>>> print(open('structure23.txt').read())   # compact mmCIF, C-alpha atoms
# COMPACT_ATOMS: atom_id res chain seq x y z
CA MET A 1 108.90 120.55 149.17
CA THR A 2 106.39 122.64 151.11
CA LYS A 3 105.10 124.23 147.88
CA LYS A 4 104.70 120.79 146.30
CA ILE A 5 102.62 119.65 149.26
CA ILE A 6 100.46 122.78 149.04
CA TYR A 7 99.94 122.33 145.28
CA ALA A 8 99.11 118.66 145.78
CA GLY A 9 96.57 119.58 148.44
CA ILE A 10 94.95 122.15 146.16
CA ALA A 11 94.78 119.65 143.31
CA LEU A 12 93.21 117.07 145.58
CA ALA A 13 90.62 119.58 146.79
CA VAL A 14 89.71 120.46 143.18
CA LEU A 15 89.28 116.77 142.35
CA VAL A 16 87.02 116.32 145.39
CA VAL A 17 84.84 119.27 144.30
CA ILE A 18 84.58 117.94 140.74
CA ALA A 19 83.66 114.49 142.02
CA ALA A 20 80.98 115.98 144.30
CA ILE A 21 79.47 117.95 141.42
CA PHE A 22 79.35 114.81 139.30
CA ILE A 23 77.74 112.74 142.03
CA PHE A 24 75.00 115.24 142.87
CA THR A 25 74.17 116.44 139.35
CA TRP A 26 75.25 114.29 136.45
CA TRP A 27 75.05 110.88 138.10
CA PRO A 28 71.28 111.12 138.86
CA ALA A 29 70.67 112.23 135.27
CA LEU A 30 72.54 109.23 133.92
CA GLN A 31 70.43 107.00 136.13
CA GLY A 32 67.19 108.70 135.02
CA ASN A 33 66.37 109.82 138.55
CA ILE A 34 65.87 113.56 138.11
CA PRO A 35 62.19 114.39 138.65
CA SER A 36 60.29 116.58 136.20
CA THR A 37 60.53 120.25 137.14
CA ASN A 38 57.14 120.85 135.52
CA HIS A 39 55.35 118.12 137.46
CA PRO A 40 57.17 117.56 140.76
CA HIS A 41 54.80 114.81 141.92
CA PRO A 42 55.44 111.59 139.98
CA ALA A 43 52.85 109.05 138.93
CA GLY A 44 51.81 106.58 141.59
CA THR A 45 48.97 104.44 142.84
CA THR A 46 48.40 106.82 145.76
CA GLU A 47 45.43 108.91 144.74
CA ILE A 48 45.35 112.63 145.45
CA THR A 49 42.12 113.78 147.09
CA HIS A 50 43.21 117.09 148.60
CA GLY A 51 46.03 119.58 148.54
CA ASP A 52 48.35 120.74 151.30
CA THR A 53 46.16 121.01 154.39
CA ASN A 54 48.83 122.97 156.26
CA LYS A 55 48.34 126.01 154.04
CA LYS A 56 45.30 128.26 153.83
CA GLN A 57 44.69 127.62 150.17
CA VAL A 58 42.29 125.67 147.95
CA ILE A 59 42.36 124.21 144.45
CA PHE A 60 39.65 124.60 141.83
CA THR A 61 39.51 122.07 139.01
CA PHE A 62 37.30 122.24 135.93
CA ASP A 63 36.32 119.11 134.02
CA ALA A 64 35.53 119.08 130.30
CA GLY A 65 33.99 115.71 129.64
CA GLY A 66 30.72 116.37 127.88
CA THR A 67 30.08 118.32 124.70
CA LEU A 68 29.36 121.84 126.00
CA ILE A 69 31.74 124.67 126.91
CA THR A 70 29.06 127.05 128.22
CA SER A 71 31.01 128.46 131.18
CA ALA A 72 34.48 128.39 129.64
CA PRO A 73 34.67 132.11 128.71
CA GLN A 74 33.54 133.22 132.18
CA ILE A 75 35.89 130.79 133.90
CA LEU A 76 38.88 132.13 131.99
CA ALA A 77 37.82 135.73 132.66
CA VAL A 78 37.47 135.11 136.41
CA LEU A 79 40.81 133.29 136.60
CA ALA A 80 42.46 136.27 134.91
CA LYS A 81 40.67 138.80 137.14
CA HIS A 82 41.80 137.04 140.31
CA HIS A 83 45.28 136.20 138.97
CA VAL A 84 44.66 132.48 139.54
CA THR A 85 46.22 129.63 137.62
CA GLY A 86 43.42 127.20 136.80
CA THR A 87 43.46 123.43 136.41
CA PHE A 88 41.45 121.71 133.69
CA PHE A 89 40.79 118.05 132.91
CA PHE A 90 39.88 117.53 129.25
CA THR A 91 38.81 114.42 127.40
CA GLY A 92 40.57 113.72 124.14
CA LYS A 93 37.32 114.20 122.26
CA MET A 94 36.82 117.65 123.81
CA ILE A 95 40.39 118.60 122.91
CA GLU A 96 39.74 117.62 119.31
CA ALA A 97 36.36 119.39 119.26
CA HIS A 98 37.66 122.63 120.80
CA PRO A 99 41.36 122.99 119.94
CA ASN A 100 41.22 126.80 120.01
CA LEU A 101 39.84 126.80 123.54
CA VAL A 102 42.55 124.38 124.64
CA LYS A 103 45.22 126.58 123.07
CA GLU A 104 43.74 129.63 124.80
CA ILE A 105 43.83 127.86 128.16
CA VAL A 106 47.47 126.87 127.69
CA ALA A 107 48.46 130.30 126.39
CA ALA A 108 47.01 131.86 129.56
CA GLY A 109 49.29 129.67 131.66
CA HIS A 110 46.68 127.25 132.99
CA GLU A 111 47.14 123.51 133.49
CA ILE A 112 45.47 120.78 131.42
CA PHE A 113 45.46 117.14 132.41
CA SER A 114 43.76 113.98 131.16
CA HIS A 115 40.10 113.10 131.61
CA THR A 116 40.57 110.09 129.27
CA TYR A 117 39.43 110.08 125.66
CA ASP A 118 35.80 108.91 125.56
CA HIS A 119 34.70 109.63 129.16
CA LEU A 120 33.94 105.97 129.84
CA ASP A 121 33.71 104.12 133.15
CA LEU A 122 37.28 102.81 133.44
CA THR A 123 36.28 100.07 135.86
CA THR A 124 34.43 98.33 133.00
CA LEU A 125 37.39 98.37 130.60
CA SER A 126 40.28 96.01 129.96
CA ASP A 127 43.86 96.99 130.69
CA ALA A 128 44.48 97.64 127.01
CA GLN A 129 41.35 99.80 126.74
CA ILE A 130 42.37 101.89 129.76
CA THR A 131 45.79 102.43 128.23
CA THR A 132 44.19 103.44 124.93
CA GLU A 133 41.92 105.95 126.68
CA LEU A 134 44.96 107.61 128.22
CA SER A 135 47.28 107.43 125.23
CA LYS A 136 44.71 108.80 122.76
CA THR A 137 44.13 111.79 125.02
CA GLU A 138 47.84 112.41 125.27
CA SER A 139 48.12 112.30 121.48
CA ALA A 140 45.24 114.77 121.13
CA LEU A 141 46.77 117.25 123.58
CA MET A 142 50.21 116.89 122.04
CA ALA A 143 48.74 117.59 118.60
CA ALA A 144 46.92 120.70 119.85
CA THR A 145 49.54 122.18 122.16
CA GLY A 146 52.74 120.14 122.10
CA LEU A 147 52.21 119.34 125.78
CA SER A 148 51.62 116.04 127.55
CA PRO A 149 48.88 115.69 130.19
CA LYS A 150 51.13 113.47 132.30
CA PRO A 151 51.42 112.75 135.13
CA TYR A 152 47.81 113.46 136.21
CA PHE A 153 44.42 112.16 135.15
CA ARG A 154 40.91 112.19 136.53
CA ALA A 155 38.69 109.15 136.02
CA PRO A 156 35.32 109.94 134.41
CA TYR A 157 32.49 109.88 136.97
CA GLY A 158 35.17 109.33 139.62
CA ALA A 159 34.88 105.64 138.71
CA ARG A 160 38.13 103.92 139.61
CA ASN A 161 39.45 101.07 141.70
CA SER A 162 42.84 99.72 142.68
CA HIS A 163 43.21 97.92 139.36
CA VAL A 164 42.46 101.05 137.31
CA LEU A 165 44.97 103.01 139.40
CA ALA A 166 47.60 100.32 138.90
CA VAL A 167 47.18 100.35 135.11
CA ALA A 168 47.28 104.14 135.07
CA THR A 169 50.47 104.09 137.12
CA GLN A 170 52.09 101.75 134.59
CA ASP A 171 51.13 104.26 131.91
CA GLY A 172 52.71 107.13 133.85
CA TYR A 173 49.64 108.68 135.48
CA ARG A 174 48.47 109.49 138.99
CA SER A 175 44.79 109.85 139.84
CA ILE A 176 43.32 113.16 140.97
CA TYR A 177 40.00 112.87 142.78
CA TRP A 178 38.37 115.72 144.68
CA THR A 179 37.51 116.82 148.19
CA VAL A 180 34.21 118.53 147.34
CA ASP A 181 31.96 117.94 144.34
CA ALA A 182 30.19 121.26 143.72
CA LEU A 183 27.43 119.36 141.85
CA ASP A 184 27.20 122.06 139.21
CA TRP A 185 26.77 119.23 136.70
CA GLU A 186 23.33 118.51 138.20
CA GLU A 187 21.95 121.71 136.68
CA PRO A 188 19.74 119.73 134.23
CA GLN A 189 18.18 117.97 137.24
CA GLY A 190 17.31 121.27 138.88
CA GLU A 191 20.43 122.12 140.89
CA THR A 192 20.64 125.88 141.47
CA ALA A 193 23.48 128.39 141.46
CA THR A 194 22.63 129.33 145.04
CA ALA A 195 22.91 125.74 146.23
CA VAL A 196 26.22 125.18 144.45
CA GLN A 197 27.71 128.39 145.83
CA SER A 198 26.57 127.51 149.35
CA ARG A 199 28.03 124.00 149.05
CA ILE A 200 31.43 125.38 148.13
CA LEU A 201 31.60 128.10 150.77
CA SER A 202 30.17 126.04 153.63
CA SER A 203 32.79 123.33 153.07
CA LEU A 204 35.76 125.68 152.81
CA ALA A 205 38.87 124.19 154.43
CA PRO A 206 42.63 124.23 153.77
CA GLY A 207 43.69 121.93 150.96
CA ASN A 208 40.24 121.34 149.47
CA ILE A 209 40.11 120.30 145.84
CA TYR A 210 36.84 121.47 144.28
CA LEU A 211 35.29 119.74 141.29
CA MET A 212 33.46 121.97 138.82
CA HIS A 213 32.69 121.77 135.10
CA ILE A 214 32.84 123.97 132.03
CA GLY A 215 29.67 122.61 130.41
CA ASP A 216 27.03 124.00 132.77
CA SER A 217 26.02 127.65 133.15
CA ILE A 218 26.15 127.67 136.96
CA THR A 219 29.95 127.74 137.20
CA GLY A 220 30.24 130.81 135.00
CA LYS A 221 27.55 132.63 136.96
CA ILE A 222 28.93 132.13 140.47
CA LEU A 223 32.71 131.74 140.11
CA ASP A 224 33.62 135.41 140.55
CA ALA A 225 31.53 135.74 143.72
CA VAL A 226 32.89 132.44 145.05
CA PHE A 227 36.50 133.48 144.49
CA THR A 228 35.89 136.90 146.02
CA THR A 229 34.36 135.41 149.17
CA ILE A 230 37.08 132.77 149.54
CA GLU A 231 39.81 135.39 149.21
CA SER A 232 38.04 137.64 151.72
CA ARG A 233 38.35 134.79 154.21
CA GLY A 234 42.12 134.84 153.85
CA TYR A 235 42.51 131.91 151.45
CA ARG A 236 44.60 131.69 148.31
CA ILE A 237 43.25 129.90 145.26
CA VAL A 238 45.97 127.89 143.56
CA SER A 239 46.44 125.37 140.78
CA LEU A 240 46.84 121.64 141.30
CA THR A 241 50.61 121.63 140.95
CA GLN A 242 50.90 124.67 143.19
CA GLY A 243 48.71 123.22 145.89
CA ILE A 244 49.69 119.57 146.40
>>> encode(input="structure23.txt", output="structure tokens")
Amino acid sequence: MTKKIIYAGIALAVLVVIAAIFIFTWWPALQGNIPSTNHPHPAGTTEITHGDTNKKQVIFTFDAGGTLITSAPQILAVLAKHHVTGTFFFTGKMIEAHPNLVKEIVAAGHEIFSHTYDHLDLTTLSDAQITTELSKTESALMAATGLSPKPYFRAPYGARNSHVLAVATQDGYRSIYWTVDALDWEEPQGETATAVQSRILSSLAPGNIYLMHIGDSITGKILDAVFTTIESRGYRIVSLTQGI
């Protein structure tokens, strides 16, 4: 009788363990509640404007929304030199125009997210047009790399409102803004490399998200010196998904 009680207790314990494993692993999967391991921060209407301010680290993001890729080779070289994972926001048109560059970025382990397809002001578009801008970019990136840009996008010109964010959320995206605009894109209007470098370094603070671009020549000229100085001040430079 004693052995039967012991065996029954063991069997009951095994059943409890199996039930616990099911509840904590398989049940969430059946309910569709397991978050993506690649993108741990789901889409949402809450816009991201900075990274983790409790850590001495900053995030550099590079937009590709025009037609030029002037600084792209230097950016990739500097990222490799400093062992930094970069974050890029590409329009669908730029993906289609420069598929080899996009493949090179992905092959190097960097992140690419959506900058919409045509680089239009989303606040002037209908819901259907916003959705098209996002879906066409996803199709372009999938065709080039097999990857989806979800769940992050950056609105062209930073032009967005609560309605744009709500539509994007429905489409599975979360908006990424920035903490500091380096203003490298104002090079045609006379902005200088010295001014851009000073703007970045004088604003340095934990969690900053910096906005830069691949189309100007300034970014390629100053990025190595900027990274070197930031690291000398005890900061790490991380990617978007590493830093938020």
>>> closest_residue(input="structure23.txt", among="A:Thr61, A:Ser114, A:Thr145, A:Thr169", to="Asp127 (chain A)", atoms="all atoms listed in the file")
A:Thr169
>>> residues_around(input="structure23.txt", residues="Arg160 (chain A)", least_positions_apart="5", cutoff="7 Å", atoms="all atoms listed in the file", output="PyMOL selection string")
chain A and resi 122-123+155+165
>>> write_last_selection(input="structure23.txt", atoms="C-alpha atoms", output="JSON list (two decimals), in the frame of the given file")
[["chain", "number", "residue", "atom", "x", "y", "z"],
["A", 122, "LEU", "CA", 37.28, 102.81, 133.44],
["A", 123, "THR", "CA", 36.28, 100.07, 135.86],
["A", 155, "ALA", "CA", 38.69, 109.15, 136.02],
["A", 165, "LEU", "CA", 44.97, 103.01, 139.40]]
>>> residues_around(input="structure23.txt", residues="region 195-202 of chain A", least_positions_apart="2", cutoff="8 Å", atoms="only C-alpha atoms", output="list in words")
Val180, Ala182, Leu183, Asp184, Glu191, Thr192, Ala193, Leu204, Tyr210, Ile218, Ile222, Val226, Thr229 and Ile230 of chain A
>>> write_last_selection(input="structure23.txt", atoms="C-alpha atoms", output="tab-separated table (two decimals), in the coordinates of the input")
chain	number	residue	atom	x	y	z
A	180	VAL	CA	34.21	118.53	147.34
A	182	ALA	CA	30.19	121.26	143.72
A	183	LEU	CA	27.43	119.36	141.85
A	184	ASP	CA	27.20	122.06	139.21
A	191	GLU	CA	20.43	122.12	140.89
A	192	THR	CA	20.64	125.88	141.47
A	193	ALA	CA	23.48	128.39	141.46
A	204	LEU	CA	35.76	125.68	152.81
A	210	TYR	CA	36.84	121.47	144.28
A	218	ILE	CA	26.15	127.67	136.96
A	222	ILE	CA	28.93	132.13	140.47
A	226	VAL	CA	32.89	132.44	145.05
A	229	THR	CA	34.36	135.41	149.17
A	230	ILE	CA	37.08	132.77	149.54
>>> closest_residue(input="structure23.txt", among="A:His119, A:Arg236, A:Lys221, A:His82", to="Ala159 (chain A)", atoms="all atoms listed in the file")
A:His119
>>> axis_aligned_box(input="structure23.txt", around="region 221-225 of chain A", padding_each_side="4 Å", output="lines of an AutoDock Vina configuration file")
center_x = 30.6
center_y = 133.7
center_z = 140.3
size_x = 14.1
size_y = 12.0
size_z = 14.8
>>> atom_distance(input="structure23.txt", atom1="CA of Phe227 (chain A)", atom2="CA of Ser203 (chain A)")
13.8 Å
>>> closest_residue(input="structure23.txt", among="A:Asn161, A:Ser139, A:Thr53, A:Asn100", to="Leu125 (chain A)", atoms="only C-alpha atoms")
A:Asn161
>>> residues_around(input="structure23.txt", residues="Pro149 (chain A)", least_positions_apart="3", cutoff="9 Å", atoms="all atoms listed in the file", output="short mmCIF file (atom, residue, chain, number, x, y, z; two decimals) with C-alpha atoms, in the frame of the given file")
data_model
loop_
_atom_site.label_atom_id
_atom_site.label_comp_id
_atom_site.auth_asym_id
_atom_site.auth_seq_id
_atom_site.Cartn_x
_atom_site.Cartn_y
_atom_site.Cartn_z
CA PHE A 89 40.79 118.05 132.91
CA GLU A 111 47.14 123.51 133.49
CA ILE A 112 45.47 120.78 131.42
CA PHE A 113 45.46 117.14 132.41
CA SER A 114 43.76 113.98 131.16
CA THR A 137 44.13 111.79 125.02
CA GLU A 138 47.84 112.41 125.27
CA LEU A 141 46.77 117.25 123.58
CA MET A 142 50.21 116.89 122.04
CA TYR A 152 47.81 113.46 136.21
CA PHE A 153 44.42 112.16 135.15
CA TYR A 173 49.64 108.68 135.48
#
>>> residues_near_point(input="structure23.txt", point="(34.2, 111.5, 149.1)", cutoff="12 Å", atoms="all atoms listed in the file", output="list in words")
Ile48, Thr49, His50, Gly158, Ala159, Tyr177, Trp178, Thr179, Val180, Asp181, Ala182, Asn208, Ile209, Tyr210 and Leu211 of chain A
>>> atom_distance(input="structure23.txt", atom1="CA of Thr87 (chain A)", atom2="CA of Leu120 (chain A)")
20.9 Å
>>> residues_around(input="structure23.txt", residues="region 71-80 of chain A", least_positions_apart="2", cutoff="8 Å", atoms="all atoms listed in the file", output="JSON, numbers by chain")
{"A": [69, 82, 83, 84, 85, 86, 105, 213, 214, 215, 216, 217, 218, 219, 220, 221, 223, 224]}
>>> atom_distance(input="structure23.txt", atom1="CA of Met212 (chain A)", atom2="CA of Ser239 (chain A)")
13.6 Å
>>> closest_residue(input="structure23.txt", among="A:Gly92, A:Pro151, A:Pro156, A:Gly146", to="Asp121 (chain A)", atoms="all atoms listed in the file")
A:Pro156
